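What follows is the content of run27.cif (mmCIF, C-alpha atoms).
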data_entry
#
loop_
_atom_site.label_atom_id
_atom_site.label_comp_id
_atom_site.auth_asym_id
_atom_site.auth_seq_id
_atom_site.Cartn_x
_atom_site.Cartn_y
_atom_site.Cartn_z
CA MET L 160 188.91 119.30 18.68
CA THR L 161 188.49 116.83 15.80
CA ALA L 162 187.78 113.79 18.01
CA PHE L 163 185.37 115.82 20.15
CA ASP L 164 183.54 117.10 17.06
CA ALA L 165 183.12 113.52 15.86
CA LEU L 166 181.46 112.60 19.16
CA VAL L 167 179.01 115.50 19.28
CA ARG L 168 178.22 115.92 15.58
CA PRO L 169 175.51 113.20 15.48
CA HIS L 170 173.64 115.06 18.23
CA ARG L 171 173.73 118.62 16.86
CA ARG L 172 170.43 118.50 15.00
CA ALA L 173 168.54 116.97 17.94
CA LEU L 174 170.10 119.48 20.33
CA HIS L 175 169.05 122.33 18.05
CA LEU L 176 165.47 121.09 17.99
CA HIS L 177 165.48 120.70 21.78
CA CYS L 178 166.73 124.26 22.26
CA TYR L 179 164.18 125.53 19.73
CA ARG L 180 161.33 123.94 21.66
CA MET L 181 162.63 125.47 24.87
CA VAL L 182 162.97 129.03 23.57
CA GLY L 183 160.73 129.22 20.46
CA SER L 184 163.38 130.97 18.37
CA PHE L 185 165.42 129.34 15.59
CA ALA L 186 168.20 131.92 15.79
CA GLU L 187 168.47 131.68 19.57
CA ALA L 188 168.55 127.88 19.27
CA ASP L 189 171.59 128.29 17.00
CA ASP L 190 173.34 130.35 19.69
CA LEU L 191 172.35 127.92 22.44
CA VAL L 192 173.73 124.93 20.57
CA GLN L 193 177.05 126.76 20.24
CA GLU L 194 176.94 127.58 23.95
CA THR L 195 176.16 123.93 24.72
CA LEU L 196 179.12 122.66 22.71
CA LEU L 197 181.44 125.23 24.28
CA ARG L 198 180.34 124.17 27.77
CA ALA L 199 180.72 120.52 26.80
CA TRP L 200 184.24 121.14 25.47
CA ASN L 201 185.25 122.94 28.66
CA ALA L 202 183.84 120.09 30.78
CA ARG L 203 185.02 117.23 28.56
CA GLU L 204 187.40 115.84 31.19
CA ALA L 205 184.43 115.20 33.48
CA PHE L 206 182.51 113.18 30.89
CA ASP L 207 182.20 109.47 31.68
CA ALA L 208 182.65 107.71 28.34
CA SER L 209 181.55 104.35 29.78
CA GLY L 210 177.93 105.27 29.03
CA GLY L 211 178.56 105.13 25.30
CA GLU L 212 176.35 106.96 22.82
CA ALA L 213 173.37 107.07 25.21
CA GLY L 214 175.57 108.53 27.92
CA MET L 215 176.85 111.20 25.54
CA ARG L 216 173.26 112.07 24.60
CA ARG L 217 172.18 112.43 28.25
CA TRP L 218 175.24 114.53 29.05
CA LEU L 219 174.69 116.88 26.12
CA TYR L 220 170.97 117.26 26.88
CA ARG L 221 171.81 118.14 30.47
CA ILE L 222 174.19 120.86 29.30
CA ALA L 223 171.77 122.14 26.61
CA THR L 224 168.84 122.26 29.03
CA ASN L 225 170.86 124.21 31.58
CA ALA L 226 172.03 126.60 28.85
CA CYS L 227 168.40 127.18 27.87
CA LEU L 228 167.33 127.70 31.49
CA ASP L 229 170.13 130.23 32.00
CA HIS L 230 169.02 132.02 28.83
CA LEU L 231 165.37 132.07 29.88
CA ARG L 232 166.23 133.33 33.35
CA SER L 233 168.39 136.11 31.93
CA SER L 234 165.70 137.21 29.49
CA SER L 235 162.87 136.98 32.07
CA ARG L 236 160.53 136.35 29.20
CA GLN L 237 157.30 134.39 29.23
CA ALA L 238 154.22 134.50 27.03
CA ALA L 239 151.33 135.95 29.00
CA SER L 240 148.79 134.29 26.72
CA ALA L 241 148.60 131.82 23.87
CA ARG L 242 145.70 133.66 22.24
CA SER L 243 147.78 135.13 19.44
CA PHE L 244 151.28 134.74 18.03
CA ALA L 245 151.48 138.55 18.15
CA GLU L 246 152.03 138.11 21.90
CA ILE L 247 155.18 136.02 21.28
CA PRO L 248 157.46 138.39 19.32
CA TRP L 249 160.48 136.05 19.56
CA LEU L 250 158.67 133.17 17.82
CA GLN L 251 160.34 131.95 14.61
CA PRO L 252 159.54 129.16 12.14
CA TYR L 253 161.48 125.88 11.85
CA PRO L 254 162.22 124.70 8.28
CA ASP L 255 160.82 121.26 7.52
CA VAL L 256 163.91 120.51 5.45
CA LEU L 257 165.84 120.29 8.74
CA LEU L 258 163.30 117.87 10.24
CA GLU L 259 163.63 115.20 7.58
CA GLU L 260 165.93 112.99 9.64
CA GLU L 261 164.17 113.55 12.95
CA ALA L 262 161.19 111.58 14.27
CA VAL L 263 159.14 114.70 14.97
CA THR L 264 155.36 114.59 15.05
CA ARG L 265 153.45 117.52 13.66
CA GLU L 266 151.80 118.35 16.95
CA SER L 267 155.11 118.50 18.83
CA ILE L 268 156.57 121.14 16.47
CA ALA L 269 153.50 123.11 15.33
CA LEU L 270 153.60 126.84 16.05
CA GLY L 271 150.45 126.69 18.16
CA TYR L 272 151.93 123.97 20.33
CA LEU L 273 155.17 125.89 20.77
CA ALA L 274 153.24 129.01 21.67
CA VAL L 275 151.53 127.17 24.52
CA ILE L 276 154.86 125.77 25.75
CA GLN L 277 156.17 129.35 25.93
CA ARG L 278 153.55 129.99 28.63
CA LEU L 279 155.22 127.54 30.99
CA PRO L 280 157.77 128.70 33.57
CA PRO L 281 161.31 127.65 32.56
CA ARG L 282 161.84 124.61 34.80
CA GLN L 283 158.27 123.44 34.25
CA ARG L 284 158.87 123.81 30.53
CA ALA L 285 162.11 121.83 30.75
CA ALA L 286 160.42 118.98 32.63
CA PHE L 287 157.61 118.86 30.08
CA VAL L 288 159.88 118.89 27.04
CA LEU L 289 162.21 116.26 28.46
CA CYS L 290 159.45 113.89 29.58
CA GLU L 291 156.68 114.42 27.04
CA LEU L 292 158.61 115.23 23.86
CA LEU L 293 161.85 113.33 24.46
CA ASP L 294 160.27 110.38 26.30
CA GLY L 295 162.47 110.74 29.35
CA SER L 296 161.38 109.17 32.60
CA ALA L 297 160.66 111.25 35.68
CA ALA L 298 163.77 109.78 37.31
CA GLU L 299 166.01 110.61 34.32
CA THR L 300 164.58 114.12 34.14
CA ALA L 301 165.02 114.66 37.86
CA SER L 302 168.67 113.64 37.55
CA LEU L 303 169.18 115.95 34.58
CA LEU L 304 167.53 118.91 36.31
CA GLU L 305 169.17 118.06 39.65
CA THR L 306 165.85 117.92 41.46
CA SER L 307 163.52 115.29 42.93
CA VAL L 308 161.18 112.93 41.10
CA ALA L 309 158.31 114.44 43.10
CA ALA L 310 159.24 117.92 41.84
CA VAL L 311 159.34 116.69 38.24
CA ASN L 312 155.96 114.99 38.56
CA SER L 313 154.50 118.15 40.09
CA SER L 314 155.89 120.25 37.21
CA LEU L 315 154.49 117.80 34.68
CA GLN L 316 151.06 117.90 36.28
CA ARG L 317 150.94 121.70 36.15
CA ALA L 318 152.30 121.79 32.59
CA ARG L 319 149.73 119.28 31.36
CA ALA L 320 146.95 121.30 32.99
CA THR L 321 148.10 124.42 31.15
CA LEU L 322 148.31 122.62 27.82
CA SER L 323 144.92 120.99 28.27
CA ARG L 324 143.38 124.48 28.48
CA HIS L 325 145.21 125.93 25.51
CA GLU L 326 146.43 123.12 23.27
CA PRO L 327 145.20 123.40 19.65
CA PRO L 328 143.16 120.54 18.14
CA ALA L 329 145.18 117.47 17.16
CA ARG L 330 145.80 116.72 13.49
CA GLY L 331 147.35 113.81 11.66
CA ASP L 332 151.08 113.81 11.08
CA ALA L 333 150.91 113.14 7.35
CA VAL L 334 150.67 116.09 4.98
CA SER L 335 147.39 115.69 3.13
CA ALA L 336 146.69 116.22 -0.54
CA ASP L 337 144.11 118.83 0.49
CA GLU L 338 146.79 120.84 2.32
CA ARG L 339 149.07 120.74 -0.69
CA ALA L 340 146.22 121.87 -2.93
CA LEU L 341 145.33 124.64 -0.49
CA LEU L 342 148.94 125.89 -0.49
CA GLU L 343 149.00 125.85 -4.31
CA ALA L 344 145.74 127.83 -4.39
CA PHE L 345 147.10 130.32 -1.83
CA ILE L 346 150.24 130.85 -3.93
CA SER L 347 148.27 131.24 -7.16
CA ALA L 348 145.84 133.77 -5.70
CA HIS L 349 148.62 135.78 -4.04
CA GLN L 350 150.73 135.94 -7.21
CA SER L 351 147.80 136.96 -9.40
CA GLY L 352 146.54 139.55 -6.92
CA ASP L 353 143.11 137.89 -6.85
CA CYS L 354 141.71 139.04 -3.52
CA LYS L 355 138.39 137.29 -4.10
CA ALA L 356 140.12 133.96 -4.65
CA SER L 357 142.32 134.54 -1.59
CA ILE L 358 139.35 135.33 0.65
CA ALA L 359 137.61 132.16 -0.51
CA LEU L 360 140.48 130.15 1.01
CA LEU L 361 140.05 131.68 4.48
CA THR L 362 137.75 131.03 7.41
CA ARG L 363 135.52 133.98 8.31
CA ASP L 364 137.38 134.39 11.63
CA VAL L 365 140.84 134.20 10.05
CA ARG L 366 143.70 135.80 11.98
CA VAL L 367 146.93 137.30 10.64
CA THR L 368 149.89 137.97 12.94
CA MET L 369 153.39 139.21 12.12
CA PRO L 370 155.93 138.41 14.84
CA PRO L 371 157.85 140.33 16.11
CA LEU L 372 155.34 143.11 15.33
CA PRO L 373 152.44 143.35 17.83
CA ALA L 374 149.86 143.67 15.04
CA CYS L 375 146.96 141.23 14.96
CA PHE L 376 144.29 141.32 12.24
CA GLU L 377 141.15 139.28 12.84
CA GLY L 378 138.35 138.48 10.45
CA VAL L 379 138.01 138.82 6.70
CA ASP L 380 137.09 142.52 6.95
CA GLN L 381 140.49 143.34 8.52
CA VAL L 382 142.52 140.97 6.33
CA LEU L 383 141.15 142.12 2.96
CA PRO L 384 142.79 145.60 3.17
CA LEU L 385 146.13 143.88 3.84
CA MET L 386 145.76 141.94 0.59
CA GLU L 387 144.84 145.07 -1.35
CA ARG L 388 147.87 146.94 -0.02
CA ALA L 389 150.12 143.98 -0.89
CA ASN L 390 148.84 144.01 -4.49
CA ALA L 391 149.86 147.65 -4.80
CA MET L 392 153.43 146.98 -3.65
CA GLY L 393 154.61 145.31 -6.86
CA GLU L 394 154.98 141.89 -8.49
CA TRP L 395 154.90 138.80 -6.27
CA ARG L 396 156.37 135.32 -6.71
CA LEU L 397 155.88 132.64 -4.06
CA VAL L 398 157.83 129.44 -3.41
CA PRO L 399 156.52 126.54 -1.28
CA ALA L 400 158.54 126.33 1.95
CA TRP L 401 157.04 124.02 4.54
CA ALA L 402 157.71 124.97 8.16
CA ASN L 403 156.88 123.30 11.48
CA ARG L 404 155.20 120.50 9.52
CA MET L 405 152.76 123.09 8.19
CA PRO L 406 152.10 124.60 4.73
CA ALA L 407 154.21 127.71 4.15
CA ALA L 408 155.31 129.95 1.30
CA MET L 409 158.28 132.27 0.90
CA SER L 410 157.20 135.46 -0.85
CA TYR L 411 159.46 137.41 -3.19
CA LEU L 412 158.56 140.97 -4.18
CA ARG L 413 159.69 143.00 -7.21
CA ARG L 414 158.98 146.62 -6.36
CA PRO L 415 158.42 149.16 -9.16
CA GLY L 416 161.79 150.14 -10.63
CA ASP L 417 163.62 147.17 -9.06
CA PRO L 418 164.71 144.47 -11.56
CA ALA L 419 165.02 141.81 -8.84
CA LEU L 420 162.55 139.65 -6.93
CA ARG L 421 163.73 139.94 -3.32
CA ALA L 422 162.69 137.83 -0.32
CA PHE L 423 160.03 139.76 1.58
CA LYS L 424 158.17 137.43 3.97
CA LEU L 425 157.36 133.87 4.95
CA ASP L 426 153.70 132.95 5.46
CA VAL L 427 152.97 129.87 7.58
CA LEU L 428 149.40 128.62 7.15
CA HIS L 429 147.30 127.11 9.92
CA VAL L 430 144.59 124.98 8.33
CA ARG L 431 141.24 124.23 9.94
CA ASP L 432 138.48 122.22 8.25
CA GLY L 433 140.02 122.66 4.83
CA ARG L 434 140.50 126.44 5.04
CA ILE L 435 143.20 128.78 6.28
CA HIS L 436 142.36 129.76 9.83
CA GLU L 437 145.53 131.70 10.60
CA ILE L 438 148.46 133.16 8.68
CA THR L 439 151.64 133.80 10.64
CA THR L 440 153.88 136.13 8.64
CA PHE L 441 157.59 136.13 9.46
CA GLU L 442 160.44 138.27 8.25
CA PRO L 443 162.69 136.46 5.71
CA ARG L 444 165.63 136.01 8.07
CA LEU L 445 166.17 132.25 7.71
CA MET L 446 166.71 131.95 3.98
CA ALA L 447 169.79 129.74 4.29
CA ALA L 448 168.04 127.37 6.68
CA PHE L 449 165.17 126.98 4.20
CA GLY L 450 167.63 126.45 1.35
CA LEU L 451 166.24 129.44 -0.53
CA PRO L 452 168.00 132.45 -2.10
CA GLU L 453 167.54 136.03 -0.99
CA VAL L 454 167.00 137.05 -4.62
CA LEU L 455 164.90 134.86 -6.90
CA ALA L 456 166.31 134.20 -10.36
#
Can you turn what I pasted into structure tokens?
Amino acid sequence: MTAFDALVRPHRRALHLHCYRMVGSFAEADDLVQETLLRAWNAREAFDASGGEAGMRRWLYRIATNACLDHLRSSSRQAASARSFAEIPWLQPYPDVLLEEEAVTRESIALGYLAVIQRLPPRQRAAFVLCELLDGSAAETASLLETSVAAVNSSLQRARATLSRHEPPARGDAVSADERALLEAFISAHQSGDCKASIALLTRDVRVTMPPLPACFEGVDQVLPLMERANAMGEWRLVPAWANRMPAAMSYLRRPGDPALRAFKLDVLHVRDGRIHEITTFEPRLMAAFGLPEVLA
């Protein structure tokens, strides 16, 4: 399979990102890329090499999209609302370190944007991702999905209507100095256990969610007790870990009696008007993808 690997290797990262956008889960995207490559290997005799690199890309995207659609149909899963990440328990972060070589805008990978995409029915979602995020034409997308151009355009119209009702406000793609400073302040306040300093960084209507848990805490009055309980758990050390083109921090906790600082959670920060409007707290399951250890030296 050496020659085949050489052909598909340049496309693996882009395929992974495509699958991630389709399903909203980093781990499931891993599995779907493997499924895509297995299907491609089994169908390699049918591949027309005359299309060159572009033809290989179209062929792989067709296989990956169908793998995602099969997965979504088998799971029968769709977000009922985009009001809170607590309603999307399968949502996972995407490490920025893996986006460095991809031309990915912040808005097309932000958690809020992905949450809205999860509201779309599978084929409508596929048409939107292929046309809007991968710049495919309606004709190319129709060929890939084995449907008509009219059906693709209809799916796009419905998808755009859904996103126009729920899409979060647009922000610039560049990470600002203010966001970096805000992340540093968040880390400092968390490590020192300074609840007053932490609260000063938040909007009054701040929201904290913890996928896959259904919990949702809204407003400073509900979030403050969370901070107080965290302070009582032990010693904290935080490491910057940008995710989905957003400020994030991996938290390590040393519990009483434990000599080690162990990975405990990943907080992804949603910034609005210079303050933290939402904190999405994930379990530390993607340490390797973030390039971080499970135990902090």
Distance query Met215 of chain L at most 10 Å, all atoms listed in the file, self and fewer than 6 positions along chain excluded, as a VMD selection string: chain L and resid 166 to 167 170 206 to 209 221
Given the PyMOL selection byres ((chain L and resi 426-441) around 10), the residues it picks as a PDB file with C-alpha atoms, in the frame of the given file:
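Below you can see result30.pdb, which holds the result:
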ATOM      1  CA  SER L 243     147.780 135.130  19.440  1.00  0.00           C
ATOM      2  CA  PHE L 244     151.280 134.740  18.030  1.00  0.00           C
ATOM      3  CA  ALA L 245     151.480 138.550  18.150  1.00  0.00           C
ATOM      4  CA  LEU L 250     158.670 133.170  17.820  1.00  0.00           C
ATOM      5  CA  GLN L 251     160.340 131.950  14.610  1.00  0.00           C
ATOM      6  CA  PRO L 252     159.540 129.160  12.140  1.00  0.00           C
ATOM      7  CA  ALA L 269     153.500 123.110  15.330  1.00  0.00           C
ATOM      8  CA  LEU L 270     153.600 126.840  16.050  1.00  0.00           C
ATOM      9  CA  GLY L 271     150.450 126.690  18.160  1.00  0.00           C
ATOM     10  CA  PRO L 328     143.160 120.540  18.140  1.00  0.00           C
ATOM     11  CA  ARG L 330     145.800 116.720  13.490  1.00  0.00           C
ATOM     12  CA  ASP L 337     144.110 118.830   0.490  1.00  0.00           C
ATOM     13  CA  GLU L 338     146.790 120.840   2.320  1.00  0.00           C
ATOM     14  CA  ALA L 340     146.220 121.870  -2.930  1.00  0.00           C
ATOM     15  CA  LEU L 341     145.330 124.640  -0.490  1.00  0.00           C
ATOM     16  CA  LEU L 342     148.940 125.890  -0.490  1.00  0.00           C
ATOM     17  CA  PHE L 345     147.100 130.320  -1.830  1.00  0.00           C
ATOM     18  CA  SER L 357     142.320 134.540  -1.590  1.00  0.00           C
ATOM     19  CA  ILE L 358     139.350 135.330   0.650  1.00  0.00           C
ATOM     20  CA  ALA L 359     137.610 132.160  -0.510  1.00  0.00           C
ATOM     21  CA  LEU L 360     140.480 130.150   1.010  1.00  0.00           C
ATOM     22  CA  LEU L 361     140.050 131.680   4.480  1.00  0.00           C
ATOM     23  CA  THR L 362     137.750 131.030   7.410  1.00  0.00           C
ATOM     24  CA  ARG L 363     135.520 133.980   8.310  1.00  0.00           C
ATOM     25  CA  ASP L 364     137.380 134.390  11.630  1.00  0.00           C
ATOM     26  CA  VAL L 365     140.840 134.200  10.050  1.00  0.00           C
ATOM     27  CA  ARG L 366     143.700 135.800  11.980  1.00  0.00           C
ATOM     28  CA  VAL L 367     146.930 137.300  10.640  1.00  0.00           C
ATOM     29  CA  THR L 368     149.890 137.970  12.940  1.00  0.00           C
ATOM     30  CA  MET L 369     153.390 139.210  12.120  1.00  0.00           C
ATOM     31  CA  PRO L 370     155.930 138.410  14.840  1.00  0.00           C
ATOM     32  CA  PRO L 371     157.850 140.330  16.110  1.00  0.00           C
ATOM     33  CA  LEU L 372     155.340 143.110  15.330  1.00  0.00           C
ATOM     34  CA  CYS L 375     146.960 141.230  14.960  1.00  0.00           C
ATOM     35  CA  PHE L 376     144.290 141.320  12.240  1.00  0.00           C
ATOM     36  CA  GLU L 377     141.150 139.280  12.840  1.00  0.00           C
ATOM     37  CA  GLY L 378     138.350 138.480  10.450  1.00  0.00           C
ATOM     38  CA  LEU L 397     155.880 132.640  -4.060  1.00  0.00           C
ATOM     39  CA  PRO L 399     156.520 126.540  -1.280  1.00  0.00           C
ATOM     40  CA  ALA L 400     158.540 126.330   1.950  1.00  0.00           C
ATOM     41  CA  TRP L 401     157.040 124.020   4.540  1.00  0.00           C
ATOM     42  CA  ALA L 402     157.710 124.970   8.160  1.00  0.00           C
ATOM     43  CA  ASN L 403     156.880 123.300  11.480  1.00  0.00           C
ATOM     44  CA  ARG L 404     155.200 120.500   9.520  1.00  0.00           C
ATOM     45  CA  MET L 405     152.760 123.090   8.190  1.00  0.00           C
ATOM     46  CA  PRO L 406     152.100 124.600   4.730  1.00  0.00           C
ATOM     47  CA  ALA L 407     154.210 127.710   4.150  1.00  0.00           C
ATOM     48  CA  ALA L 408     155.310 129.950   1.300  1.00  0.00           C
ATOM     49  CA  MET L 409     158.280 132.270   0.900  1.00  0.00           C
ATOM     50  CA  SER L 410     157.200 135.460  -0.850  1.00  0.00           C
ATOM     51  CA  PHE L 423     160.030 139.760   1.580  1.00  0.00           C
ATOM     52  CA  LYS L 424     158.170 137.430   3.970  1.00  0.00           C
ATOM     53  CA  LEU L 425     157.360 133.870   4.950  1.00  0.00           C
ATOM     54  CA  GLU L 442     160.440 138.270   8.250  1.00  0.00           C
ATOM     55  CA  PRO L 443     162.690 136.460   5.710  1.00  0.00           C
ATOM     56  CA  ARG L 444     165.630 136.010   8.070  1.00  0.00           C
ATOM     57  CA  LEU L 445     166.170 132.250   7.710  1.00  0.00           C
TER      58      LEU L 445
END
Rows by chain and residue number, segment 295-413 of chain L within 8 Å of segment 279-283 of chain L, shortest pair, all atoms listed in the file, as JSON lines:
{"residue": "L:Val311", "atom": "CA", "partner": "L:Gln283", "partner_atom": "CA", "distance": 7.9}
{"residue": "L:Ser314", "atom": "CA", "partner": "L:Gln283", "partner_atom": "CA", "distance": 5.0}
{"residue": "L:Leu315", "atom": "CA", "partner": "L:Gln283", "partner_atom": "CA", "distance": 6.8}
{"residue": "L:Arg317", "atom": "CA", "partner": "L:Gln283", "partner_atom": "CA", "distance": 7.8}
{"residue": "L:Ala318", "atom": "CA", "partner": "L:Gln283", "partner_atom": "CA", "distance": 6.4}
{"residue": "L:Thr321", "atom": "CA", "partner": "L:Leu279", "partner_atom": "CA", "distance": 7.8}
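The smallest atom-to-atom distance between Ala447 of chain L and any of L:Leu273, L:Ala348, L:Val256, L:Ala286, using only C-alpha atoms, is found for L:Val256.
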| field | Residue nearest Gly295 of chain L among L:Ala199, L:Ala226, L:Val263, L:Tyr220 (counting only C-alpha atoms) | value |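 So, comparing all the options, the nearest one is L:Tyr220.
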As a check of understanding, name the residues that the PyMOL selection byres ((chain L and resi 455) around 12) selects in the supplied structure, as a PyMOL selection string.
chain L and resi 395-398+409-413+418-423+446+451-454+456
- Could you pull the residues within 8 Å of Phe185 of chain L, counting all atoms listed in the file, minus those fewer than 2 positions along the same chain, as number ranges by chain? L: 179, 183, 187-189, 251-253
If you count only C-alpha atoms, the residue of L:Glu291, L:Leu174, L:Ala298, L:Leu383 closest to Asp353 of chain L turns out to be L:Leu383
- Between atom CA of Ser267 of chain L and atom CA of Arg198 of chain L - distance in Å to one decimal: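 Pair atom CA of Arg198 of chain L / atom CA of Ser267 of chain L returns 27.4 Å.
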Which residue, L:Leu196, L:Arg232, L:Ser351, L:Glu204, has the smallest gap to Leu219 of chain L when you use only C-alpha atoms?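 Closest residue, counting only C-alpha atoms: L:Leu196.
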I need the residue set behind the PyMOL selection byres ((chain L and resi 257) around 10) for this file; please write it as a PyMOL selection string. chain L and resi 172+176+253-256+258-261+402-403+448-450
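Rounded to one decimal, atom CA of Arg265 of chain L and atom CA of Leu292 of chain L lie 11.7 Å from each other.
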From L:Gly211, L:Met181, L:Glu246, L:Ala165, residue lying nearest His230 of chain L [all atoms listed in the file]: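 Using all atoms listed in the file, the shortest distance to His230 of chain L belongs to L:Met181.
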Exercise for review: For atom CA of Gly352 of chain L and atom CA of Val379 of chain L, quote the distance in Å rounded to one decimal.
Suggested key: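 These two atoms are separated by 16.1 Å.
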Discussion item. Taking 6 positions as the minimum chain separation for residues in the same chain, which residues sit within 12 Å of Gly416 of chain L when counting only C-alpha atoms? Answer as a count of residues only.
Written reply: 3
Using only C-alpha atoms, the best pick from L:Pro415, L:Leu197, L:Ala186, L:Ser313 as closest to Ala301 of chain L would be L:Ser313
Please define a box with edges along x, y and z of the file around all atoms of segment 254-269 of chain L given in the file, extend it by 3 Å on each side, and return its centre and edge lengths in Å to one decimal, as AutoDock Vina command-line options.
--center_x 158.9 --center_y 118.1 --center_z 12.1 --size_x 20.1 --size_y 19.1 --size_z 19.4
